[in-house]
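Trainee: Sending over query00.csv (CSV, C-alpha atoms).
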```csv
chain,number,residue,atom,x,y,z
A,696,MET,CA,0.0,0.0,0.0
A,697,PRO,CA,2.0,3.0,-1.2
A,698,VAL,CA,2.2,6.6,-0.1
A,699,HIS,CA,1.9,9.1,-2.9
A,700,LEU,CA,3.0,12.7,-2.6
A,701,HIS,CA,2.1,14.9,-5.5
A,702,PHE,CA,4.4,17.9,-6.3
A,703,ASP,CA,4.1,21.0,-8.4
A,704,GLU,CA,6.9,23.5,-9.3
A,705,SER,CA,6.5,25.5,-6.1
A,706,ASP,CA,6.9,22.3,-4.0
A,707,LEU,CA,10.2,21.5,-5.6
A,708,LEU,CA,11.5,25.0,-4.5
A,709,ARG,CA,10.4,24.3,-0.9
A,710,CYS,CA,12.1,21.0,-0.2
A,711,ARG,CA,14.5,21.0,2.7
A,712,PHE,CA,16.5,18.8,5.0
A,713,ALA,CA,16.0,18.8,8.8
A,714,VAL,CA,17.2,16.9,11.9
A,715,SER,CA,14.7,16.2,14.7
A,716,PRO,CA,15.6,15.1,18.2
A,717,LEU,CA,11.9,14.6,18.9
A,718,TRP,CA,11.6,12.2,16.0
A,719,GLU,CA,14.6,10.2,17.1
A,720,THR,CA,13.1,10.0,20.6
A,721,GLN,CA,9.8,8.5,19.5
A,722,ALA,CA,11.6,6.3,17.0
A,723,ALA,CA,13.9,5.0,19.8
A,724,VAL,CA,10.7,4.1,21.8
A,725,ARG,CA,9.5,2.1,18.8
A,726,VAL,CA,12.8,0.2,18.6
A,727,LEU,CA,12.5,-0.7,22.3
A,728,GLY,CA,9.1,-2.3,21.5
A,729,ARG,CA,10.3,-4.2,18.4
A,730,PRO,CA,13.1,-6.7,18.9
A,731,GLU,CA,13.5,-7.2,15.2
A,732,ARG,CA,14.7,-3.6,14.8
A,733,GLN,CA,17.3,-3.8,17.5
A,734,GLY,CA,20.3,-5.4,15.7
A,735,TYR,CA,22.3,-2.2,14.9
A,736,HIS,CA,21.6,-0.8,18.3
A,737,LEU,CA,22.6,-3.5,20.8
A,738,PRO,CA,25.4,-1.5,22.4
A,739,TRP,CA,22.9,1.4,23.0
A,740,LEU,CA,20.3,-1.0,24.3
A,741,ARG,CA,22.8,-2.5,26.9
A,742,ARG,CA,23.5,1.0,28.1
A,743,ILE,CA,20.0,2.2,28.6
A,744,ARG,CA,18.2,-1.1,29.5
A,745,GLY,CA,18.1,-0.5,33.2
A,746,ALA,CA,16.9,3.1,33.0
A,747,ALA,CA,14.4,2.4,30.2
A,748,ALA,CA,12.7,-0.3,32.2
A,749,GLY,CA,11.3,2.3,34.6
A,750,LEU,CA,9.9,4.6,31.9
A,751,GLY,CA,6.5,3.0,31.4
A,752,LEU,CA,6.3,3.3,27.7
A,753,GLU,CA,2.9,1.5,27.2
A,754,PRO,CA,0.8,4.6,26.5
A,755,LEU,CA,3.2,5.5,23.6
A,756,TRP,CA,3.3,1.9,22.3
A,757,LEU,CA,-0.5,1.8,22.3
A,758,LEU,CA,-0.4,4.4,19.5
A,759,MET,CA,2.5,2.8,17.6
A,760,ALA,CA,1.0,-0.2,16.0
A,761,GLU,CA,3.0,-1.9,13.3
A,762,GLY,CA,1.2,-1.2,10.0
A,763,GLY,CA,-1.3,1.3,11.4
A,764,HIS,CA,-1.5,5.0,11.6
A,765,SER,CA,0.8,6.6,14.1
A,766,PRO,CA,-0.4,10.0,15.5
A,767,ASP,CA,1.4,12.9,13.7
A,768,PHE,CA,1.0,15.3,16.6
A,769,PHE,CA,3.7,13.7,18.8
A,770,CYS,CA,6.4,13.6,16.1
A,771,PRO,CA,5.6,16.5,13.7
A,772,PRO,CA,8.2,17.6,11.1
A,773,PRO,CA,10.4,20.3,12.8
A,774,ILE,CA,9.8,23.9,11.9
A,775,GLY,CA,13.6,24.5,11.2
A,776,PRO,CA,16.6,22.5,10.1
A,777,LEU,CA,18.2,22.3,13.6
A,778,ALA,CA,15.3,22.6,16.1
A,779,SER,CA,16.1,21.7,19.7
A,780,PHE,CA,14.1,19.1,21.6
A,781,GLU,CA,12.8,21.8,23.9
A,782,GLU,CA,11.4,23.7,21.0
A,783,GLU,CA,9.8,20.6,19.5
A,784,ILE,CA,8.2,19.3,22.7
A,785,ALA,CA,6.8,22.8,23.4
A,786,GLY,CA,5.0,22.4,20.1
A,787,VAL,CA,3.6,19.1,21.1
A,788,ARG,CA,2.3,20.6,24.4
A,789,ALA,CA,0.6,23.4,22.4
A,790,ILE,CA,-1.4,21.1,20.2
A,791,ASP,CA,-5.1,21.6,20.0
A,792,PRO,CA,-6.5,18.8,22.1
A,793,ARG,CA,-9.4,18.3,19.6
A,794,LEU,CA,-6.9,17.8,16.8
A,795,ALA,CA,-4.9,15.4,19.0
A,796,GLY,CA,-8.0,13.5,19.8
A,797,GLN,CA,-8.9,13.0,16.2
A,798,ASP,CA,-5.3,11.8,15.5
A,799,MET,CA,-5.4,9.3,18.3
A,800,ALA,CA,-8.8,8.1,17.3
A,801,ARG,CA,-7.6,7.4,13.7
A,802,SER,CA,-4.6,5.4,15.2
A,803,LEU,CA,-6.8,3.3,17.5
A,804,ALA,CA,-9.4,2.7,14.8
A,805,ASP,CA,-6.9,0.4,13.1
A,806,ARG,CA,-7.1,-1.9,16.1
A,807,PRO,CA,-10.7,-2.1,17.4
A,808,GLU,CA,-9.8,-4.3,20.3
A,809,VAL,CA,-7.4,-1.6,21.6
A,810,LEU,CA,-9.9,1.1,20.8
A,811,ARG,CA,-12.4,-0.6,23.1
A,812,SER,CA,-9.9,-1.2,25.8
A,813,PRO,CA,-9.9,0.9,29.0
A,814,ALA,CA,-6.5,2.4,28.1
A,815,GLY,CA,-7.7,3.3,24.6
A,816,GLN,CA,-10.9,4.8,25.9
A,817,ALA,CA,-9.0,6.8,28.5
A,818,LEU,CA,-6.9,8.5,25.8
A,819,LEU,CA,-9.9,9.5,23.8
A,820,ALA,CA,-12.1,10.6,26.8
A,821,ASP,CA,-9.7,13.4,27.8
A,822,PRO,CA,-7.4,14.4,24.9
A,823,GLU,CA,-6.0,17.4,26.8
A,824,ARG,CA,-4.8,15.2,29.6
A,825,ALA,CA,-3.5,12.6,27.1
A,826,VAL,CA,-1.4,15.2,25.3
A,827,ARG,CA,0.0,16.3,28.6
A,828,GLU,CA,0.9,12.8,29.7
A,829,LEU,CA,2.3,11.7,26.4
A,830,ALA,CA,4.4,14.8,26.1
A,831,ASP,CA,5.7,14.2,29.7
A,832,LEU,CA,6.6,10.6,28.7
A,833,LEU,CA,8.3,11.7,25.5
A,834,GLU,CA,10.4,14.2,27.5
A,835,GLN,CA,11.4,11.5,30.0
A,836,SER,CA,12.3,9.2,27.1
A,837,TRP,CA,14.5,12.0,25.6
A,838,ARG,CA,16.3,12.4,28.9
A,839,VAL,CA,17.0,8.7,29.3
A,840,LEU,CA,17.2,7.2,25.8
A,841,ILE,CA,18.6,10.0,23.6
A,842,GLU,CA,20.0,13.0,25.3
A,843,PRO,CA,23.1,11.3,26.8
A,844,HIS,CA,24.0,10.1,23.2
A,845,TRP,CA,22.7,13.1,21.3
A,846,PRO,CA,26.1,14.5,20.3
A,847,ARG,CA,27.0,11.2,18.6
A,848,LEU,CA,23.6,10.9,17.0
A,849,ARG,CA,23.4,14.5,15.9
A,850,ALA,CA,26.9,14.3,14.3
A,851,LEU,CA,25.8,11.3,12.2
A,852,LEU,CA,22.5,13.0,11.2
A,853,GLU,CA,24.1,16.3,10.3
A,854,ALA,CA,26.8,14.5,8.3
A,855,ASP,CA,24.1,12.7,6.4
A,856,VAL,CA,22.4,16.0,5.6
A,857,ALA,CA,25.7,17.5,4.5
A,858,TYR,CA,26.4,14.5,2.2
A,859,HIS,CA,23.0,14.4,0.6
A,860,SER,CA,22.9,18.2,0.2
A,861,ARG,CA,26.0,17.9,-1.9
A,862,ARG,CA,24.5,15.0,-3.8
A,863,LEU,CA,21.4,17.0,-4.5
A,864,ALA,CA,23.6,19.7,-6.1
A,865,ALA,CA,25.5,17.0,-8.1
A,866,VAL,CA,22.8,14.7,-9.4
A,867,GLY,CA,19.4,16.5,-8.9
A,868,PHE,CA,16.3,15.7,-6.9
A,869,GLU,CA,15.0,12.6,-8.8
A,870,ARG,CA,18.2,10.7,-8.5
A,871,LEU,CA,18.8,11.8,-4.9
A,872,LEU,CA,15.5,10.3,-3.9
A,873,GLY,CA,16.6,6.8,-5.1
A,874,GLU,CA,19.8,7.2,-3.1
A,875,LEU,CA,18.0,8.1,0.1
A,876,SER,CA,16.1,4.8,0.1
A,877,PRO,CA,15.3,2.1,-2.5
A,878,GLN,CA,11.6,2.5,-1.3
A,879,LEU,CA,11.4,5.9,-3.0
A,880,ARG,CA,10.3,6.3,-6.6
A,881,TRP,CA,9.8,9.5,-8.7
A,882,ALA,CA,7.5,9.6,-11.7
A,883,ASP,CA,5.1,12.2,-13.2
A,884,SER,CA,5.8,14.8,-10.5
A,885,THR,CA,4.8,12.2,-7.8
A,886,LEU,CA,7.0,10.8,-5.1
A,887,THR,CA,5.9,7.3,-4.2
A,888,LEU,CA,7.0,5.5,-1.1
A,889,THR,CA,6.7,1.7,-1.7
A,890,ARG,CA,6.4,-1.3,0.6
A,891,THR,CA,4.6,0.5,3.3
A,892,ARG,CA,1.7,-0.8,5.4
A,893,ALA,CA,-0.3,2.5,5.2
A,894,ARG,CA,-2.1,4.0,2.3
A,895,HIS,CA,-1.7,7.8,2.0
A,896,SER,CA,-2.1,10.3,-0.8
A,897,ARG,CA,-1.5,14.0,-0.6
A,898,VAL,CA,-1.2,17.0,-2.9
A,899,LEU,CA,1.6,19.1,-1.4
A,900,GLY,CA,0.0,22.3,-2.6
A,901,GLY,CA,3.1,24.5,-2.3
A,902,GLN,CA,4.1,23.3,1.2
A,903,GLY,CA,7.2,21.5,-0.1
A,904,LEU,CA,8.7,18.5,1.6
A,905,VAL,CA,10.9,17.9,4.6
A,906,LEU,CA,13.6,15.2,4.2
A,907,MET,CA,14.8,13.9,7.6
A,908,PRO,CA,17.5,11.3,8.2
A,909,SER,CA,16.9,9.0,11.2
A,910,VAL,CA,19.2,6.7,13.1
A,911,PHE,CA,16.3,4.5,14.3
A,912,ALA,CA,14.1,4.3,11.2
A,913,TRP,CA,16.2,1.6,9.5
A,914,PRO,CA,15.4,-0.4,7.4
A,915,ASP,CA,12.3,1.6,6.3
A,916,ALA,CA,11.6,5.0,4.9
A,917,VAL,CA,8.5,6.6,6.4
A,918,GLY,CA,6.3,9.2,4.7
A,919,GLY,CA,3.1,11.1,5.1
A,920,PHE,CA,1.8,13.5,7.6
A,921,GLU,CA,-1.7,14.9,7.3
A,922,ASP,CA,-2.8,18.5,7.4
A,923,PRO,CA,-1.9,20.8,9.2
A,924,TRP,CA,1.6,19.3,9.3
A,925,GLN,CA,4.1,19.8,6.5
A,926,PRO,CA,4.6,16.6,4.4
A,927,ALA,CA,7.8,14.7,5.3
A,928,VAL,CA,9.8,11.7,4.4
A,929,ILE,CA,12.1,10.1,7.0
A,930,TYR,CA,14.8,7.8,5.7
A,931,PRO,CA,17.6,5.7,7.3
A,932,ALA,CA,20.7,7.8,7.9
A,933,ARG,CA,24.0,6.7,6.3
A,934,GLY,CA,26.6,5.1,8.6
A,935,ILE,CA,24.5,3.6,11.3
A,936,GLY,CA,26.5,0.3,11.1
A,937,GLY,CA,29.4,2.0,12.9
A,938,LEU,CA,27.4,4.4,15.0
A,939,TRP,CA,28.1,2.6,18.3
A,940,THR,CA,31.7,1.6,17.6
A,941,GLU,CA,33.8,2.6,20.6
A,942,PRO,CA,36.9,4.8,20.2
A,943,GLY,CA,39.9,2.9,19.1
A,944,ASP,CA,38.0,-0.2,18.0
A,945,SER,CA,38.7,0.5,14.4
A,946,THR,CA,42.1,2.2,14.7
A,947,PRO,CA,44.9,0.1,13.1
A,948,GLU,CA,47.8,-0.4,15.6
A,949,VAL,CA,50.3,0.6,12.9
A,950,LEU,CA,48.5,3.9,12.3
A,951,ALA,CA,48.5,4.6,16.0
A,952,ARG,CA,52.3,4.1,16.1
A,953,LEU,CA,52.7,6.4,13.1
A,954,LEU,CA,50.4,9.3,14.2
A,955,GLY,CA,50.0,8.7,17.9
A,956,ARG,CA,47.0,7.0,19.5
A,957,ALA,CA,44.8,10.1,20.0
A,958,ARG,CA,45.4,11.6,16.6
A,959,ALA,CA,44.9,8.2,14.8
A,960,ASP,CA,41.7,7.7,16.8
A,961,VAL,CA,40.4,11.1,15.5
A,962,LEU,CA,41.2,10.2,11.9
A,963,CYS,CA,39.6,6.8,12.2
A,964,ALA,CA,36.5,8.2,13.9
A,965,LEU,CA,35.6,10.2,10.8
A,966,ASP,CA,33.8,7.5,9.0
A,967,GLU,CA,31.2,10.3,8.5
A,968,PRO,CA,31.9,14.0,8.6
A,969,ALA,CA,31.8,15.4,12.2
A,970,GLY,CA,32.6,18.5,14.1
A,971,THR,CA,35.0,19.1,17.0
A,972,SER,CA,32.4,18.8,19.8
A,973,ALA,CA,30.9,15.6,18.5
A,974,LEU,CA,34.3,14.0,18.1
A,975,ALA,CA,35.4,15.2,21.6
A,976,HIS,CA,32.3,13.6,23.1
A,977,ARG,CA,32.7,10.4,21.2
A,978,LEU,CA,36.4,10.0,21.9
A,979,GLY,CA,36.4,11.2,25.5
A,980,LEU,CA,38.9,14.0,24.8
A,981,ALA,CA,39.0,17.7,25.5
A,982,PRO,CA,37.6,19.8,22.6
A,983,SER,CA,40.9,21.8,22.6
A,984,SER,CA,42.9,18.6,22.1
A,985,VAL,CA,40.6,17.4,19.3
A,986,SER,CA,40.8,20.8,17.6
A,987,GLU,CA,44.6,20.6,17.7
A,988,HIS,CA,44.6,17.1,16.2
A,989,LEU,CA,42.2,18.1,13.5
A,990,SER,CA,44.3,21.1,12.5
A,991,VAL,CA,47.4,18.9,12.2
A,992,LEU,CA,45.6,16.2,10.2
A,993,ARG,CA,44.1,18.9,7.9
A,994,ALA,CA,47.5,20.5,7.4
A,995,ALA,CA,48.9,17.1,6.5
A,996,GLY,CA,46.3,16.7,3.8
A,997,LEU,CA,44.4,13.9,5.6
A,998,LEU,CA,41.3,15.9,6.2
A,999,THR,CA,39.2,18.6,4.6
A,1000,SER,CA,36.7,20.9,6.3
A,1001,ARG,CA,33.6,22.9,5.4
A,1002,ARG,CA,31.1,24.9,7.4
A,1003,TYR,CA,27.6,23.5,8.0
A,1004,GLY,CA,25.2,25.6,10.0
A,1005,HIS,CA,26.7,26.4,13.3
A,1006,GLN,CA,29.8,24.2,13.1
A,1007,VAL,CA,32.7,23.1,10.9
A,1008,LEU,CA,32.5,19.5,9.7
A,1009,TYR,CA,35.7,17.6,9.0
A,1010,GLU,CA,36.0,14.6,6.7
A,1011,ARG,CA,38.8,12.4,5.4
A,1012,THR,CA,40.5,13.1,2.1
A,1013,PRO,CA,41.3,10.2,-0.2
A,1014,LEU,CA,44.8,10.0,1.4
A,1015,GLY,CA,43.1,10.0,4.9
A,1016,ILE,CA,40.8,7.2,3.8
A,1017,ALA,CA,43.7,5.2,2.5
A,1018,LEU,CA,45.4,5.4,5.9
A,1019,ALA,CA,42.4,4.9,8.1
A,1020,VAL,CA,40.9,2.1,6.0
A,1021,PRO,CA,43.8,-0.1,4.9
A,1022,GLN,CA,43.2,-2.6,2.2
```
Represent the structure contained in this file as structure tokens.
Mentor:
Amino acid sequence: MPVHLHFDESDLLRCRFAVSPLWETQAAVRVLGRPERQGYHLPWLRRIRGAAAGLGLEPLWLLMAEGGHSPDFFCPPPIGPLASFEEEIAGVRAIDPRLAGQDMARSLADRPEVLRSPAGQALLADPERAVRELADLLEQSWRVLIEPHWPRLRALLEADVAYHSRRLAAVGFERLLGELSPQLRWADSTLTLTRTRARHSRVLGGQGLVLMPSVFAWPDAVGGFEDPWQPAVIYPARGIGGLWTEPGDSTPEVLARLLGRARADVLCALDEPAGTSALAHRLGLAPSSVSEHLSVLRAAGLLTSRRYGHQVLYERTPLGIALAVPQ
């Protein structure tokens, strides 16, 4: 059952990338409830298992049925490219309870037995309270599941946006979509998301489209969003296979002897472009030390840099790749 998003010329001018900590939070909650999606994230699961056990995620899971409609109001597309979690959760708390009630009713209608259950009826009986309690639970989930790891996750997501922004300039919108996910197809000014369990069709009507990479969406791309939210497609971010690799795990010993352990770790940590703060957090080094290592590696021709938003991203040159990834 595909999702169809119909474009006109003005929509193509209003497509943008964004990163959403709120989306990652609710997606992480989904992963906790679905063991088949946990393979890439086992190190993260081991770290958060104890704290997550006390969250009481059942009200959120109630609205996250596999193959059914998930409410848009608790994970709407962000209003800007780098919205903070605090900004996004404030938007959730400000949702019109009537709109939230309709959204929850649509979700529960896909499972009549849950709709008739006491928990389902409680959500619909008082949407204002439900919004408040769900927002509180999302905020607790952010603090426990995502915030301690957000520098690492944000670095990967922003690197994905930087990479695909360059690909958009190089190959155009139609080819880019196929590179984001094999589930995306473009024909006759319509973007089709295949192999989904939901049926959805929407004329964008000049709103454009938000493209969001996600650490926790793999292996699926997700699309849709009803009015009044801007249409969006969420796709698996590049590089999640090495997301939870610990510092030094991938550093060849001979490279450590050549460059020094810390400097070699910095070079090998750049499987995807990253900034100084994200690298410092991941490697457990002082930002000033990482900055010095980056400067030396860049001067040696092993790294290049470019500005993205509020930070400078570093990535390996072909020579840096040859050293960090020996054949």
Trainee: Find the distance between CA of Arg711 in chain A and CA of Val905 in chain A and write it in Å to one decimal.
Mentor: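 Those two atoms sit 5.1 Å apart.
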Trainee: I need the residue nearest Ala814 in chain A from this list: A:Leu758, A:Val856, A:Val826, A:Ile841. Use only C-alpha atoms for the distance.
Mentor: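 Residue with the minimum atom-to-atom distance to Ala814 in chain A: A:Leu758.
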Trainee: Show me, as an mmCIF file with C-alpha atoms, in the coordinates of the input, the residues that have an atom within 7 Å of Arg788 in chain A when counting all atoms listed in the file, minus same-chain residues fewer than 2 positions from it.
Mentor:
```
data_model
loop_
_atom_site.group_PDB
_atom_site.id
_atom_site.type_symbol
_atom_site.label_atom_id
_atom_site.label_comp_id
_atom_site.auth_asym_id
_atom_site.auth_seq_id
_atom_site.Cartn_x
_atom_site.Cartn_y
_atom_site.Cartn_z
ATOM 1 C CA ILE A 784 8.200 19.300 22.700
ATOM 2 C CA ALA A 785 6.800 22.800 23.400
ATOM 3 C CA GLY A 786 5.000 22.400 20.100
ATOM 4 C CA ILE A 790 -1.400 21.100 20.200
ATOM 5 C CA VAL A 826 -1.400 15.200 25.300
ATOM 6 C CA ARG A 827 0.000 16.300 28.600
ATOM 7 C CA ALA A 830 4.400 14.800 26.100
#
```
Trainee: Mind pulling up the distance from CA of Phe769 in chain A to CA of Val898 in chain A?
Mentor: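 It comes out at 22.5 Å.
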Trainee: Write out as a tab-separated table (two decimals) with C-alpha atoms, in the frame of the given file which residues come within 9 Å of range 728-730 of chain A when counting all atoms listed in the file, dropping same-chain ones fewer than 5 positions away.
Mentor:
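Dumped everything to around.tsv:
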```tsv
chain	number	residue	atom	x	y	z
A	723	ALA	CA	13.90	5.00	19.80
A	752	LEU	CA	6.30	3.30	27.70
A	756	TRP	CA	3.30	1.90	22.30
```
Trainee: Which residues come within 12 Å of Gly763 in chain A, counting only C-alpha atoms, excluding same-chain residues fewer than 2 positions away, as a PyMOL selection string?
Mentor: chain A and resi 696+756-761+765-766+798-807+891-895
Trainee: Residues around (25.3, 15.6, 5.6), cut-off 10 Å, counting all atoms listed in the file - what are they as a ChimeraX atom specification?
Mentor: /A:712,850-862,908,932-933,967-969,1003,1008
Trainee: May I ask for the distance between CA of Phe768 in chain A and CA of Leu888 in chain A, given in Å to one decimal place?
Mentor: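 These two atoms are separated by 21.1 Å.
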Trainee: For range 819-825 of chain A, work out the shell of residues within 7 Å, counting only C-alpha atoms and skipping chain neighbours fewer than 6 positions away, then give it as a CSV table (one decimal) with C-alpha atoms, in the frame of the given file.
Mentor:
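Written file, around31.csv:
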```
chain,number,residue,atom,x,y,z
A,792,PRO,CA,-6.5,18.8,22.1
A,793,ARG,CA,-9.4,18.3,19.6
A,795,ALA,CA,-4.9,15.4,19.0
A,796,GLY,CA,-8.0,13.5,19.8
A,800,ALA,CA,-8.8,8.1,17.3
```
Trainee: Report as number ranges by chain all protein, DNA and RNA residues lying within 12 Å of Asp960 in chain A, evaluated on all atoms listed in the file, omitting residues in the same chain fewer than 6 positions from it.
Mentor: A: 940-954, 966, 974-975, 977-980, 985, 988-989, 992, 1018-1019
Trainee: Deliver the residues from the most recent selection as a file, using C-alpha atoms, as a tab-separated table (two decimals), keeping the file's coordinate frame.
Mentor:
```
chain	number	residue	atom	x	y	z
A	940	THR	CA	31.70	1.60	17.60
A	941	GLU	CA	33.80	2.60	20.60
A	942	PRO	CA	36.90	4.80	20.20
A	943	GLY	CA	39.90	2.90	19.10
A	944	ASP	CA	38.00	-0.20	18.00
A	945	SER	CA	38.70	0.50	14.40
A	946	THR	CA	42.10	2.20	14.70
A	947	PRO	CA	44.90	0.10	13.10
A	948	GLU	CA	47.80	-0.40	15.60
A	949	VAL	CA	50.30	0.60	12.90
A	950	LEU	CA	48.50	3.90	12.30
A	951	ALA	CA	48.50	4.60	16.00
A	952	ARG	CA	52.30	4.10	16.10
A	953	LEU	CA	52.70	6.40	13.10
A	954	LEU	CA	50.40	9.30	14.20
A	966	ASP	CA	33.80	7.50	9.00
A	974	LEU	CA	34.30	14.00	18.10
A	975	ALA	CA	35.40	15.20	21.60
A	977	ARG	CA	32.70	10.40	21.20
A	978	LEU	CA	36.40	10.00	21.90
A	979	GLY	CA	36.40	11.20	25.50
A	980	LEU	CA	38.90	14.00	24.80
A	985	VAL	CA	40.60	17.40	19.30
A	988	HIS	CA	44.60	17.10	16.20
A	989	LEU	CA	42.20	18.10	13.50
A	992	LEU	CA	45.60	16.20	10.20
A	1018	LEU	CA	45.40	5.40	5.90
A	1019	ALA	CA	42.40	4.90	8.10
```
Trainee: Using all atoms listed in the file, which residue out of A:Arg849, A:Cys710, A:Ser876, A:Ser884 lies closest to Ile929 in chain A?
Mentor: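 Of A:Arg849, A:Cys710, A:Ser876, A:Ser884, the one nearest Ile929 in chain A, counting all atoms listed in the file, is A:Ser876.
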Trainee: Considering all atoms listed in the file, can you say which of A:Gly996, A:Glu808, A:Arg725, A:Gln925 comes closest to Pro771 in chain A?
Mentor: A:Gln925
Trainee: Find the residue from A:Ala1017, A:Glu719, A:Val991, A:Trp913 that sits nearest to Glu731 in chain A; use only C-alpha atoms when measuring.
Mentor: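 Between A:Ala1017, A:Glu719, A:Val991, A:Trp913, the residue approaching Glu731 in chain A most closely is A:Trp913.
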Trainee: Work out where the centre of an axis-aligned box around every listed atom of range 820-831 of chain A lies and how long its edges are once 8 Å is added on each side; give both in Å to one decimal as JSON.
Mentor:
```
{"center_x": -3.2, "center_y": 14.0, "center_z": 27.3, "size_x": 33.8, "size_y": 22.8, "size_z": 20.8}
```
